[in-house]
Amino acid sequence: MIKKCLFPAAGYGTRFLPATKATPKEMLPILTKPLIQYGVEEAVEAGIHTMAIITGRGKRAIEDHFDISYELEHQIKGESKENLLTEIRSLISSCTFSYTRQIEMKGLGHAILTGETLIGDEPFAVLLADDLCTHEEDSVLKQMIDVYEKYQCSIIAIEEVAMEDTNKYGVIAGELVDNTTNTYRVTDMVEKPDSKDAPTNMAIIGRYILTPDIFDILRETKPGKGGEIQITDALLEQAKQGNVIAYKFKGTRFDCGSVEGFVEATNYFYQGVH
Ligand code: UTP
């Protein structure tokens, strides 16, 4: 069983400056809901109720969002507007949230290692809230947990991207193990390769199920591309043992860390409600 979901949310969000100067990127809203709330809802849909969030300086708004706001709630009590808080209230009451800070932003791999204290020695999910995923039936994380139950090793979500975009992603090479479930055993991984060096166009998106040995590997992982400790480099160590499965998920992903993806997601959700 996967019981905990880790949300690395300490990054600077430089692609969204100046909006992210004093506001966490994860609090940017698609319609009326911040990105991180969509992420927590996806985890709950996958049966996870323990949320572990990696924050950093300037990210306190995330903690306040998953808490009661007495003054505000008192102010609108009995008004129709109170209904706007129903969803977030029930989310708060059905989950526990714990937080730890990443003191220095040394990369996604380092952020995940910072989460060890909240996760402990068990397999766990990782969700990057700026990758907003929609789905028809099961949520992407739920689909991945089903794959985990079959293979009992680390699972990464992938999608095919345009070859000229490989330099924005971790890219994998793998052997197809099951074409009905779209799963590959990963044989190689490269962080943000130029298209000429990319082994394929299969890109890793912001959803992972990781086995806890990843923490020991991350402790030994040297800074890689961009001087950051890359989760891709640590996963490659697991992949060398045959312990990483890539899964081409069903659904749509919006890269809400980019202005273009954010606008696309906004339009998509707006059309859904009107
Ligand atoms: P990104 O590569 O999107 O970086 O991080 P970023 O800083 O958030 O955004 P840009 O590129 O400057 O616009 C991927 C995920 O890893 C987290 C981010 O919060 C995001 O969810 N992260 C990244 C950390 O938590 N800590 C880090 O040191 C780096």
# chains A, B, ... in the order shown; residues from 1 in each chain; ligands from 1

$ residues_near_ligand --ligand "ligand 1" --cutoff "10 Å" --atoms "only C-alpha atoms and all ligand atoms" --output "ChimeraX atom specification"
/A:7-17,20,24-26,36,53-56,101-112,114-115,126-131,168-169,205-206,228-231,255-259

$ residues_around --residues "Met27 of chain A" --least-positions-apart "3" --cutoff "9 Å" --atoms "only C-alpha atoms" --output "number ranges by chain"
A: 23-24, 33-37, 59, 61-62, 65

$ write_last_selection --atoms "N, CA, C and O atoms" --output "mmCIF file, in the first residue's frame"
data_model
loop_
_atom_site.group_PDB
_atom_site.id
_atom_site.type_symbol
_atom_site.label_atom_id
_atom_site.label_comp_id
_atom_site.auth_asym_id
_atom_site.auth_seq_id
_atom_site.Cartn_x
_atom_site.Cartn_y
_atom_site.Cartn_z
ATOM 1 N N THR A 23 4.766 34.879 -3.889
ATOM 2 C CA THR A 23 3.708 33.853 -3.822
ATOM 3 C C THR A 23 4.273 32.526 -4.304
ATOM 4 O O THR A 23 4.891 32.481 -5.366
ATOM 5 N N PRO A 24 4.054 31.450 -3.560
ATOM 6 C CA PRO A 24 4.554 30.160 -4.062
ATOM 7 C C PRO A 24 3.896 29.806 -5.394
ATOM 8 O O PRO A 24 2.693 30.024 -5.568
ATOM 9 N N LYS A 33 -8.947 27.399 -7.662
ATOM 10 C CA LYS A 33 -8.227 26.452 -6.800
ATOM 11 C C LYS A 33 -6.732 26.503 -7.058
ATOM 12 O O LYS A 33 -6.309 26.439 -8.220
ATOM 13 N N PRO A 34 -5.924 26.588 -6.007
ATOM 14 C CA PRO A 34 -4.475 26.581 -6.254
ATOM 15 C C PRO A 34 -3.989 25.218 -6.738
ATOM 16 O O PRO A 34 -4.579 24.181 -6.426
ATOM 17 N N LEU A 35 -2.891 25.264 -7.486
ATOM 18 C CA LEU A 35 -2.340 24.035 -8.077
ATOM 19 C C LEU A 35 -2.150 22.935 -7.045
ATOM 20 O O LEU A 35 -2.472 21.773 -7.293
ATOM 21 N N ILE A 36 -1.670 23.298 -5.869
ATOM 22 C CA ILE A 36 -1.366 22.249 -4.877
ATOM 23 C C ILE A 36 -2.636 21.558 -4.387
ATOM 24 O O ILE A 36 -2.623 20.376 -4.059
ATOM 25 N N GLN A 37 -3.753 22.269 -4.412
ATOM 26 C CA GLN A 37 -5.003 21.615 -3.993
ATOM 27 C C GLN A 37 -5.431 20.549 -5.008
ATOM 28 O O GLN A 37 -5.902 19.473 -4.634
ATOM 29 N N LYS A 59 7.096 30.283 1.452
ATOM 30 C CA LYS A 59 6.079 29.318 1.015
ATOM 31 C C LYS A 59 5.006 29.093 2.080
ATOM 32 O O LYS A 59 4.272 28.115 2.029
ATOM 33 N N ALA A 61 2.223 30.349 2.653
ATOM 34 C CA ALA A 61 0.826 30.365 2.200
ATOM 35 C C ALA A 61 0.300 28.945 1.987
ATOM 36 O O ALA A 61 -0.905 28.696 2.134
ATOM 37 N N ILE A 62 1.186 28.011 1.660
ATOM 38 C CA ILE A 62 0.741 26.621 1.444
ATOM 39 C C ILE A 62 0.203 26.058 2.759
ATOM 40 O O ILE A 62 -0.876 25.454 2.801
ATOM 41 N N HIS A 65 -3.110 27.529 3.623
ATOM 42 C CA HIS A 65 -4.210 27.062 2.778
ATOM 43 C C HIS A 65 -4.835 25.787 3.331
ATOM 44 O O HIS A 65 -6.053 25.616 3.275
#

$ select_by_dssp --residues "segment 175-240 of chain A" --states "strand (DSSP E or B)" --output "MDAnalysis selection string"
chainID A and resid 175:178 183:191 202:210

$ select_by_dssp --residues "segment 51-82 of chain A" --states "alpha helix (DSSP H)" --output "list in words"
Arg60, Ala61, Ile62, Glu63, Asp64, His65, Tyr70, Glu71, Leu72, Glu73, His74 and Gln75 of chain A

$ write_last_selection --atoms "N, CA and C atoms" --output "tab-separated table (two decimals), in the first residue's frame"
chain	number	residue	atom	x	y	z
A	60	ARG	N	4.93	29.99	3.07
A	60	ARG	CA	4.00	29.76	4.18
A	60	ARG	C	2.55	29.69	3.76
A	61	ALA	N	2.22	30.35	2.65
A	61	ALA	CA	0.83	30.37	2.20
A	61	ALA	C	0.30	28.94	1.99
A	62	ILE	N	1.19	28.01	1.66
A	62	ILE	CA	0.74	26.62	1.44
A	62	ILE	C	0.20	26.06	2.76
A	63	GLU	N	0.93	26.28	3.85
A	63	GLU	CA	0.47	25.78	5.15
A	63	GLU	C	-0.84	26.44	5.55
A	64	ASP	N	-0.95	27.72	5.31
A	64	ASP	CA	-2.19	28.43	5.68
A	64	ASP	C	-3.37	27.92	4.87
A	65	HIS	N	-3.11	27.53	3.62
A	65	HIS	CA	-4.21	27.06	2.78
A	65	HIS	C	-4.83	25.79	3.33
A	70	TYR	N	-10.03	31.19	10.69
A	70	TYR	CA	-11.16	31.49	11.59
A	70	TYR	C	-11.88	32.79	11.25
A	71	GLU	N	-11.09	33.85	11.07
A	71	GLU	CA	-11.70	35.17	10.85
A	71	GLU	C	-12.57	35.17	9.60
A	72	LEU	N	-11.98	34.66	8.52
A	72	LEU	CA	-12.69	34.62	7.24
A	72	LEU	C	-13.94	33.74	7.35
A	73	GLU	N	-13.79	32.59	7.97
A	73	GLU	CA	-14.91	31.65	8.03
A	73	GLU	C	-16.03	32.21	8.90
A	74	HIS	N	-15.66	32.91	9.95
A	74	HIS	CA	-16.65	33.56	10.81
A	74	HIS	C	-17.39	34.64	10.01
A	75	GLN	N	-16.63	35.38	9.22
A	75	GLN	CA	-17.17	36.49	8.43
A	75	GLN	C	-18.25	36.03	7.44

$ residues_around --residues "Ile155 of chain A" --least-positions-apart "4" --cutoff "12 Å" --atoms "only C-alpha atoms" --output "count of residues only"
39
